[in-house]
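A.B. asks: First, the structure itself, so that you have it in front of you.
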Amino acid sequence: MYLCVDIGGTKTLLALLDQNGKLLHSIKFPTIDNQTKFYSVLRQQIKVNFVMSCVDVISVAMPGIVKKNKAIYLGNLSWRDFDLAQLLNQDFQKPVYIENDANLAALAEARNCTGRSLYFTFSTGIGGGVIENGYILKRFQDFEPGHNEYVYLGKKAEWEDLAAASAINKKYGKLVTEITDAADWQNIVNRMLLGIVPLTTSIKPDRIIFGGPLGLALNTYRTQLKKSLDRELPNKIARPRLMVAKYGSYSVIYGCYYYARIKQTRR
């Protein structure tokens with residue numbers, strides 16, 4: 001059995017998957033912006049909701065930069081140098097594997113795709129991952145596209161402060177699923193293009209997969225995005241195929257599962 005942990009900027013999702021990747025049970029709770037208090041809650045949630053004698057491995061997705069199975073920097077969370085793997089291993093005596101959340105979501109969504117896949121999650125922030133022929137591309141291991149800075153309406157800002165789902169919710173005072181005006185969607189597309197165009201130009205993906213609340217709404221603005229990409233991309237860069245994340249809000253959880261399977265095989 002695989003206990004998969006998706007730690008996000010606002011909520012944490014725990015899920016138990018069997019050997020075949022079937023989701024058996026899941027729970028979620030708010031992410032606390034204090035790593036000591038957060039771990040105390042996480043440990044309690046695991047003890048109360050899961051029979052750990054049945055669990056073979058724990059696989060964890062964390063935002064930000066992960067080095068040697070340890071979270072160094074966590075983006076929208078104030079945590080730093082969080083050795084969660086050591087804490088979980090001490091408490092539950094299970095192998096623990098940790099990786100960046102967007103890398104894992106990308107792995108789940110593109111593991112069966114040939115060529116190069118670029119994954120974006122437009123959520124509390126903007127994360128991203130690059131997969132080539134089913135594996136995380138090492139030179140993009142620390143890919144943090146949401147923190148790239150762009151000039152928009154004469155002001156410089158991080159991309160996620162302009163185009164993350166949370167930024168869009170704040171601007172319009174509503175969820176992305178509640179936005180219906182075509183002009184509003186073109187404005188949102190323009191904000192998304194700030195990062196999509198240069199990153200597509202440099203990475204040259206065969207496909208772009210969209211996750212997170214804004215990404216999962218792709219079908220609402222797909223035509224506008226296609227037309228804008230055709231206009232904005234250099235002539236030598238073909239427009240990639242645009243896809244919605246098939247696992248939806250569980251992309252990271254399934255990424256945890258596939259990552260743990262890869263790591264267990266290599267032991």
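Identifiers in this document derive from the order of the structure tokens: chains are assigned A, B, ..., residues are numbered from 1 separately in each chain, and ligands are numbered from 1 in order of occurrence.
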Residues within 9 Å of Thr121 (chain A), please, as a PyMOL selection string. Count only C-alpha atoms; anything in the same chain fewer than 4 positions from it doesn't count.
C.D. replies: chain A and resi 102+105+125-129+164+209-216
A.B. asks: If you keep N, CA and C atoms, can you produce a file of those selected residues as a compact mmCIF listing (two decimals), in the first residue's frame?
C.D. replies:
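As written to disk, part.txt reads:
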# COMPACT_ATOMS: atom_id res chain seq x y z
N ALA A 102 4.71 19.84 -8.27
CA ALA A 102 4.43 20.00 -9.69
C ALA A 102 5.18 18.96 -10.52
N ALA A 105 3.01 15.87 -10.23
CA ALA A 105 1.80 15.99 -11.04
C ALA A 105 2.14 15.80 -12.52
N GLY A 125 -0.31 29.16 -6.17
CA GLY A 125 0.78 29.74 -6.92
C GLY A 125 0.78 29.12 -8.31
N ILE A 126 1.91 29.21 -9.00
CA ILE A 126 2.05 28.52 -10.29
C ILE A 126 3.26 27.61 -10.19
N GLY A 127 3.03 26.32 -10.35
CA GLY A 127 4.11 25.35 -10.37
C GLY A 127 4.25 24.77 -11.76
N GLY A 128 5.33 24.05 -11.97
CA GLY A 128 5.53 23.45 -13.28
C GLY A 128 6.49 22.29 -13.23
N GLY A 129 6.39 21.43 -14.21
CA GLY A 129 7.27 20.29 -14.33
C GLY A 129 7.50 19.95 -15.79
N ALA A 164 -1.85 33.15 -11.20
CA ALA A 164 -2.30 31.99 -10.41
C ALA A 164 -3.80 32.08 -10.20
N ILE A 209 0.28 20.55 -20.48
CA ILE A 209 -0.81 20.00 -19.68
C ILE A 209 -1.14 20.99 -18.58
N PHE A 210 -2.42 21.30 -18.43
CA PHE A 210 -2.86 22.32 -17.49
C PHE A 210 -3.57 21.70 -16.30
N GLY A 211 -3.10 22.06 -15.10
CA GLY A 211 -3.73 21.60 -13.87
C GLY A 211 -4.04 22.77 -12.96
N GLY A 212 -4.54 22.48 -11.74
CA GLY A 212 -4.95 23.53 -10.83
C GLY A 212 -6.30 24.09 -11.25
N PRO A 213 -6.97 24.84 -10.38
CA PRO A 213 -8.31 25.35 -10.68
C PRO A 213 -8.41 26.12 -12.00
N LEU A 214 -7.41 26.98 -12.27
CA LEU A 214 -7.45 27.73 -13.53
C LEU A 214 -7.11 26.84 -14.71
N GLY A 215 -6.14 25.96 -14.55
CA GLY A 215 -5.77 25.06 -15.63
C GLY A 215 -6.88 24.10 -16.02
N LEU A 216 -7.62 23.61 -15.01
CA LEU A 216 -8.69 22.66 -15.29
C LEU A 216 -9.87 23.31 -16.01
A.B. asks: Could you find all residues in region 55-146 of chain A that DSSP calls alpha helix (DSSP H) from the backbone, and write them as a list of chain:residue names?
C.D. replies: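 Those residues are A:Leu84, A:Ala85, A:Gln86, A:Leu87, A:Leu88, A:Asn89, A:Gln90, A:Asp91, A:Phe92, A:Asp101, A:Ala102, A:Asn103, A:Leu104, A:Ala105, A:Ala106, A:Leu107, A:Ala108, A:Glu109, A:Ala110.
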A.B. asks: List every residue of region 75-153 of chain A that has an atom at most 12 Å from any atom of region 181-192 of chain A, giving for each one its closest atom pair and the distance in Å to one decimal, counting only C-alpha atoms, sorted by chain and then by ascending residue number, as JSON lines.
C.D. replies:
{"residue": "A:Phe120", "atom": "CA", "partner": "A:Met192", "partner_atom": "CA", "distance": 10.4}
{"residue": "A:Thr121", "atom": "CA", "partner": "A:Met192", "partner_atom": "CA", "distance": 11.3}
{"residue": "A:Phe122", "atom": "CA", "partner": "A:Met192", "partner_atom": "CA", "distance": 9.2}
{"residue": "A:Ile126", "atom": "CA", "partner": "A:Met192", "partner_atom": "CA", "distance": 10.1}
{"residue": "A:Pro145", "atom": "CA", "partner": "A:Met192", "partner_atom": "CA", "distance": 11.4}
{"residue": "A:Gly146", "atom": "CA", "partner": "A:Met192", "partner_atom": "CA", "distance": 10.5}
{"residue": "A:Glu149", "atom": "CA", "partner": "A:Arg191", "partner_atom": "CA", "distance": 12.0}
{"residue": "A:Tyr150", "atom": "CA", "partner": "A:Arg191", "partner_atom": "CA", "distance": 9.7}
{"residue": "A:Val151", "atom": "CA", "partner": "A:Arg191", "partner_atom": "CA", "distance": 10.2}
{"residue": "A:Tyr152", "atom": "CA", "partner": "A:Arg191", "partner_atom": "CA", "distance": 7.8}
{"residue": "A:Leu153", "atom": "CA", "partner": "A:Arg191", "partner_atom": "CA", "distance": 10.2}
A.B. asks: Hey, can you check how far CA of Lys94 (chain A) sits from CA of Gly248 (chain A)?
C.D. replies: 28.1 Å
A.B. asks: Can you tell me which residues surround Glu158 (chain A) at a distance of at most 6 Å, considering only C-alpha atoms, apart from same-chain residues fewer than 2 positions away, and format the answer as an NGL selection string?
C.D. replies: :A and (147-149 or 160-161)
A.B. asks: What would the file look like if the residues just selected were written as a PDB file, in the first residue's frame with C-alpha atoms?
C.D. replies:
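The result, stored in part32.pdb:
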ATOM      1  CA  HIS A 147       8.543  33.040  -9.436  1.00  0.00           C
ATOM      2  CA  ASN A 148       9.713  34.276 -12.844  1.00  0.00           C
ATOM      3  CA  GLU A 149       9.201  38.024 -13.131  1.00  0.00           C
ATOM      4  CA  GLU A 160       1.983  33.719  -9.994  1.00  0.00           C
ATOM      5  CA  ASP A 161       0.991  37.114  -8.562  1.00  0.00           C
TER       6      ASP A 161
END
A.B. asks: Can you work out which one of A:Val130, A:Met62, A:Met243, A:Ile253 has the shortest atom-to-atom distance to His25 (chain A), counting only C-alpha atoms?
C.D. replies: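 For His25 (chain A), the nearest of the given residues is A:Ile253.
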A.B. asks: Choose the residue, out of A:Asp91, A:Lys236, A:Ala61, A:Asn34, that has the smallest atom-to-atom separation from Thr12 (chain A); count only C-alpha atoms.
C.D. replies: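 Result for the nearest residue to Thr12 (chain A): A:Ala61.
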A.B. asks: Which residue is closest to Thr10 (chain A)? Choose from A:Phe29, A:Tyr247, A:Tyr172, A:Trp159 and count only C-alpha atoms.
C.D. replies: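 The answer is A:Phe29, which sits nearest to Thr10 (chain A).
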